[in-house]
Every structure is written in structure tokens, then in C-alpha cells.
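Participant: The following file, entry.txt, comprises compact mmCIF, C-alpha atoms:
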```
# COMPACT_ATOMS: atom_id res chain seq x y z
CA GLN A 21 0.00 0.00 0.00
CA VAL A 22 1.04 3.54 -0.74
CA GLN A 23 -0.42 6.51 1.07
CA LEU A 24 -0.52 9.91 -0.60
CA VAL A 25 -1.14 13.21 1.14
CA GLU A 26 -1.55 16.44 -0.80
CA SER A 27 -1.07 19.93 0.58
CA GLY A 28 -0.70 23.46 -0.68
CA GLY A 29 -4.16 24.12 -2.03
CA GLY A 30 -6.10 27.26 -1.29
CA LEU A 31 -7.61 30.44 -2.65
CA VAL A 32 -5.62 32.55 -5.09
CA GLN A 33 -6.43 35.44 -7.40
CA ALA A 34 -6.34 35.05 -11.14
CA GLY A 35 -2.80 35.39 -12.40
CA GLY A 36 -1.36 34.05 -9.17
CA SER A 37 0.62 30.92 -8.43
CA LEU A 38 0.39 27.93 -6.16
CA ARG A 39 2.55 24.92 -5.49
CA LEU A 40 0.95 21.65 -4.50
CA SER A 41 2.90 18.96 -2.71
CA CYS A 42 2.20 15.25 -2.48
CA VAL A 43 4.05 13.14 0.03
CA ALA A 44 4.12 9.39 -0.53
CA SER A 45 4.59 6.85 2.23
CA GLY A 46 4.36 3.09 2.60
CA ARG A 47 5.49 0.81 -0.21
CA THR A 48 6.98 3.59 -2.29
CA ASP A 49 9.53 1.17 -3.77
CA SER A 50 6.69 -0.19 -5.91
CA THR A 51 5.91 3.24 -7.36
CA TYR A 52 7.02 3.80 -10.94
CA GLY A 53 5.08 6.92 -11.79
CA MET A 54 3.28 9.78 -10.10
CA GLY A 55 0.61 11.93 -11.63
CA TRP A 56 -1.61 14.91 -10.99
CA PHE A 57 -5.23 14.95 -12.00
CA ARG A 58 -7.92 17.50 -11.40
CA GLN A 59 -11.69 17.56 -11.19
CA ALA A 60 -13.55 20.81 -11.74
CA PRO A 61 -17.11 21.27 -10.45
CA GLY A 62 -19.55 19.32 -12.57
CA LYS A 63 -16.83 17.79 -14.72
CA GLU A 64 -14.99 14.50 -14.91
CA ARG A 65 -11.56 14.08 -13.46
CA GLU A 66 -8.85 14.77 -16.03
CA PHE A 67 -5.14 14.18 -16.40
CA VAL A 68 -2.78 17.11 -15.91
CA VAL A 69 0.79 15.82 -15.80
CA ALA A 70 2.84 12.82 -14.69
CA ILE A 71 6.44 11.98 -13.93
CA THR A 72 8.34 8.71 -13.71
CA TRP A 73 9.79 8.27 -10.28
CA SER A 74 13.26 7.02 -11.16
CA GLY A 75 14.13 8.72 -14.43
CA GLY A 76 12.04 11.86 -14.04
CA THR A 77 10.50 11.70 -17.51
CA ILE A 78 7.54 14.07 -17.70
CA TYR A 79 4.27 13.60 -19.56
CA TYR A 80 1.92 16.53 -19.95
CA ALA A 81 -1.63 17.01 -21.07
CA ASP A 82 -1.15 19.56 -23.80
CA SER A 83 -3.76 21.87 -22.30
CA TRP A 84 -1.51 22.90 -19.41
CA LYS A 85 1.97 22.59 -20.77
CA GLY A 86 3.77 25.80 -19.99
CA ARG A 87 1.69 26.86 -17.00
CA PHE A 88 1.95 23.74 -14.86
CA THR A 89 5.26 22.13 -13.92
CA ILE A 90 5.80 18.83 -12.14
CA SER A 91 8.90 17.91 -10.21
CA ARG A 92 9.92 15.34 -7.65
CA ASP A 93 12.25 14.97 -4.71
CA THR A 94 13.01 11.28 -4.38
CA ALA A 95 14.78 11.76 -1.05
CA LYS A 96 11.58 13.23 0.41
CA ASN A 97 9.20 10.93 -1.49
CA THR A 98 7.46 14.08 -2.65
CA VAL A 99 6.11 15.24 -5.97
CA TYR A 100 5.22 18.86 -6.64
CA LEU A 101 2.89 20.68 -9.00
CA GLN A 102 3.87 24.28 -9.60
CA MET A 103 1.03 26.26 -11.15
CA VAL A 104 1.45 29.77 -12.54
CA SER A 105 -0.79 32.27 -14.30
CA LEU A 106 -3.80 30.64 -12.73
CA LYS A 107 -7.23 31.24 -14.21
CA PRO A 108 -10.70 30.85 -12.70
CA ASP A 109 -11.14 27.79 -14.95
CA ASP A 110 -8.32 26.14 -13.00
CA THR A 111 -10.60 25.94 -9.98
CA ALA A 112 -10.78 22.26 -9.12
CA VAL A 113 -9.84 19.56 -6.68
CA TYR A 114 -6.34 18.42 -7.55
CA TYR A 115 -5.45 14.80 -6.91
CA CYS A 116 -2.09 13.15 -6.63
CA ALA A 117 -1.89 9.54 -7.80
CA ALA A 118 0.70 6.79 -7.95
CA ARG A 119 1.08 3.84 -10.27
CA SER A 120 3.25 0.74 -10.33
CA SER A 121 2.84 0.13 -14.05
CA ARG A 122 5.93 0.79 -16.19
CA THR A 123 3.88 1.15 -19.37
CA THR A 124 4.36 4.83 -20.11
CA VAL A 125 2.06 4.81 -23.14
CA THR A 126 -0.84 4.66 -20.66
CA ILE A 127 0.55 7.05 -18.08
CA ARG A 128 -2.12 9.65 -18.90
CA GLN A 129 -4.94 7.20 -18.17
CA GLU A 130 -6.64 7.53 -14.80
CA SER A 131 -7.52 3.84 -14.66
CA THR A 132 -3.83 2.85 -14.60
CA TYR A 133 -3.18 4.51 -11.24
CA ASP A 134 -3.28 2.36 -8.14
CA TYR A 135 -3.29 4.87 -5.31
CA TRP A 136 -4.89 8.28 -4.85
CA GLY A 137 -4.60 11.11 -2.41
CA GLN A 138 -7.56 12.81 -0.80
CA GLY A 139 -7.37 15.83 -3.06
CA ALA A 140 -6.46 19.48 -2.57
CA GLN A 141 -8.95 22.24 -3.34
CA VAL A 142 -7.65 25.04 -5.53
CA THR A 143 -9.93 28.03 -6.00
CA VAL A 144 -8.99 30.83 -8.37
CA SER A 145 -10.95 34.04 -8.02
CA SER A 146 -11.43 36.51 -10.84
```
Show me the file's structure as C-alpha cells.
Facilitator:
Amino acid sequence: QVQLVESGGGLVQAGGSLRLSCVASGRTDSTYGMGWFRQAPGKEREFVVAITWSGGTIYYADSWKGRFTISRDTAKNTVYLQMVSLKPDDTAVYYCAARSSRTTVTIRQESTYDYWGQGAQVTVSS
């Protein structure tokens, strides 16, 4: 089992920045990739970005490339999501997820993730 705990969410004005953190604990040696997803009100959860734990290869959803940046600190078992130039449409619950699969062609697929955090609310005001 892997436990994931997100932090860093909150209320920010449009144009502002936030950095989300996700700390992994438990059987982290089985984790190959970490991803961020988000779910806006009334919408389905969608993929934002992912990173492979060992090599640090990054996979983006094209919609947010350039505004959202993922990074990891393997010593701290932590993955980060830096968000800049935030817009009201970015208001959502942001979820951290972990997967043991090494098949990177599916790394953007929600169903391939084994563990999920509780989510962090990000609200962007206009």
C-alpha cells in the first residue's frame, strides 16, 4: 500500500501561483510513476501531468503545458505541482496519484493509477 497526502491548495487570485505537494509513504519502492489529475465542479476528473519516479521523464496534457510544472524529490518521497498564471477555470480539486505500471504509453490514463490522495482544493478568483 502507498499513502498519498496532498497539501498546498487554497484560494488565489487570477494570475497568481500555487505549489501543490504530495508526500508518498508506505510501499513507495513499488511506485514507478506519479501523476496529478484534477476535477472541476460538474466535470470529470482529467489528467494534468505525470512523472516517472526514477528517471524523471515528464508527460503533460497539452492543455496545461507551460503553465503547470511537475517535479519530484526522491529523497523526500514528494512530488510537486507548480502552477502559474492561474485562471478561474483552473478551480478544481487536484489529486495526486501513484502507479506501479511501467507502461508509459498509458501514463495519462486515470484507470492505470493504483493509489490516490484525498485531493487538494484550488480556487482561483477573478
Participant: Which polymer residues have any atom within 10 Å of an atom of A:Gln129, counting only C-alpha atoms, with same-chain residues fewer than 6 positions away left out, as a ChimeraX atom specification?
Facilitator: /A:55,57,66-67
Participant: Go through A:Arg65, A:Ser37, A:Ser146, A:Trp56 and flag the residue nearest A:Cys116, using only C-alpha atoms for the distances.
Facilitator: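 Between A:Arg65, A:Ser37, A:Ser146, A:Trp56, the residue approaching A:Cys116 most closely is A:Trp56.
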Participant: Skipping near chain neighbours, those fewer than 6 positions away, what residues fall within 10 Å of stretch 74-85 of chain A using only C-alpha atoms, listed as a PyMOL selection string?
Facilitator: chain A and resi 51-57+66-68+91-94+103+110+124-125+127-128
Participant: In Å, rounded to a single decimal, give me how far atom CA of A:Asp134 is from atom CA of A:Gly86.
Facilitator: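 Interatomic distance, atom CA of A:Gly86 to atom CA of A:Asp134: 27.2 Å.
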Participant: Neighbouring residues of A:Lys96 were defined as those with any atom within 12 Å, considering all atoms listed in the file; residues of the same chain fewer than 6 positions away were excluded. Please report them as a PyMOL selection string.
Facilitator: chain A and resi 41-45+48+73
Participant: Take the residues that were just selected and, keeping C-alpha atoms, output them as a PDB file, in the frame of the given file.
Facilitator:
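Written output follows (out-v1.pdb):
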```
ATOM      1  CA  SER A  41       2.900  18.960  -2.710  1.00  0.00           C
ATOM      2  CA  CYS A  42       2.200  15.250  -2.480  1.00  0.00           C
ATOM      3  CA  VAL A  43       4.050  13.140   0.030  1.00  0.00           C
ATOM      4  CA  ALA A  44       4.120   9.390  -0.530  1.00  0.00           C
ATOM      5  CA  SER A  45       4.590   6.850   2.230  1.00  0.00           C
ATOM      6  CA  THR A  48       6.980   3.590  -2.290  1.00  0.00           C
ATOM      7  CA  TRP A  73       9.790   8.270 -10.280  1.00  0.00           C
TER       8      TRP A  73
END
```
Participant: Given all atoms listed in the file as the basis, pick out the residue of A:Asn97, A:Gly28, A:Thr143, A:Ser121 nearest to A:Arg47.
Facilitator: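 Checking each candidate against A:Arg47, we get A:Asn97 as the closest.
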Participant: Between atom CA of A:Thr98 and atom CA of A:Gly36, what distance in Å does the model show, to one decimal?
Facilitator: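 Interatomic distance here is 22.8 Å.
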Participant: Excluding A:Lys63 and its own-chain neighbours fewer than 4 positions away, which residues fall within 12 Å of it when counting all atoms listed in the file? Please give them as a PyMOL selection string.
Facilitator: chain A and resi 58-59+109+111-113
Participant: Counting all atoms listed in the file, which residue out of A:Leu24, A:Tyr115, A:Gly30, A:Val69 sits closest to A:Gly46?
Facilitator: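 Among A:Leu24, A:Tyr115, A:Gly30, A:Val69, it is A:Leu24 that comes nearest to A:Gly46.
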Participant: Go through A:Leu101, A:Ser145, A:Ala70, A:Arg87 one by one, measure the shortest atom-to-atom distance of each to A:Thr126 using all atoms listed in the file, and give the residue with the smallest value.
Facilitator: A:Ala70
Participant: Excluding A:Gly35 and residues on its chain fewer than 2 positions from it, collect all residues at most 7 Å away from it, counting all atoms listed in the file, and give them as an MDAnalysis selection string.
Facilitator: chainID A and resid 33 37 105:107
Participant: Of the residues A:Tyr100, A:Pro108, A:Trp136, A:Glu130, which is the one nearest to A:Ala60, using all atoms listed in the file?
Facilitator: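 Distance minimum relative to A:Ala60 lands on A:Pro108.
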Participant: Quick one: pull the distance between atom CA of A:Ala118 and atom CA of A:Val22, Å, one decimal.
Facilitator: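 Interatomic distance, atom CA of A:Ala118 to atom CA of A:Val22: 7.9 Å.
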Participant: Can you patch up stretch 108-124 of chain A, filling it in to N, CA and C atoms, and show the result as a short mmCIF file (atom, residue, chain, number, x, y, z; two decimals), in the frame of the given file?
Facilitator:
```cif
data_model
loop_
_atom_site.label_atom_id
_atom_site.label_comp_id
_atom_site.auth_asym_id
_atom_site.auth_seq_id
_atom_site.Cartn_x
_atom_site.Cartn_y
_atom_site.Cartn_z
N PRO A 108 -9.53 31.39 -13.40
CA PRO A 108 -10.70 30.85 -12.70
C PRO A 108 -11.08 29.44 -13.17
N ASP A 109 -10.84 29.14 -14.43
CA ASP A 109 -11.14 27.79 -14.95
C ASP A 109 -10.25 26.72 -14.34
N ASP A 110 -9.19 27.12 -13.66
CA ASP A 110 -8.32 26.14 -13.00
C ASP A 110 -8.88 25.71 -11.65
N THR A 111 -9.97 26.33 -11.24
CA THR A 111 -10.60 25.94 -9.98
C THR A 111 -11.03 24.48 -10.05
N ALA A 112 -10.53 23.70 -9.10
CA ALA A 112 -10.78 22.26 -9.12
C ALA A 112 -10.20 21.63 -7.86
N VAL A 113 -10.54 20.38 -7.67
CA VAL A 113 -9.84 19.56 -6.68
C VAL A 113 -8.71 18.85 -7.42
N TYR A 114 -7.52 19.01 -6.92
CA TYR A 114 -6.34 18.42 -7.55
C TYR A 114 -5.92 17.17 -6.78
N TYR A 115 -5.77 16.09 -7.52
CA TYR A 115 -5.45 14.80 -6.91
C TYR A 115 -4.06 14.34 -7.34
N CYS A 116 -3.35 13.82 -6.38
CA CYS A 116 -2.09 13.15 -6.63
C CYS A 116 -2.37 11.65 -6.74
N ALA A 117 -1.67 10.97 -7.63
CA ALA A 117 -1.89 9.54 -7.80
C ALA A 117 -0.57 8.85 -8.09
N ALA A 118 -0.51 7.58 -7.73
CA ALA A 118 0.70 6.79 -7.95
C ALA A 118 0.35 5.50 -8.69
N ARG A 119 1.30 5.06 -9.52
CA ARG A 119 1.08 3.84 -10.27
C ARG A 119 2.33 2.97 -10.22
N SER A 120 2.12 1.67 -10.30
CA SER A 120 3.25 0.74 -10.33
C SER A 120 3.55 0.30 -11.76
N SER A 121 2.63 0.54 -12.67
CA SER A 121 2.84 0.13 -14.05
C SER A 121 4.00 0.90 -14.66
N ARG A 122 4.81 0.17 -15.47
CA ARG A 122 5.93 0.79 -16.19
C ARG A 122 5.56 1.11 -17.64
N THR A 123 4.32 0.91 -18.00
CA THR A 123 3.88 1.15 -19.37
C THR A 123 3.58 2.63 -19.54
N THR A 124 4.52 3.37 -20.05
CA THR A 124 4.36 4.83 -20.11
C THR A 124 3.34 5.26 -21.16
#
```
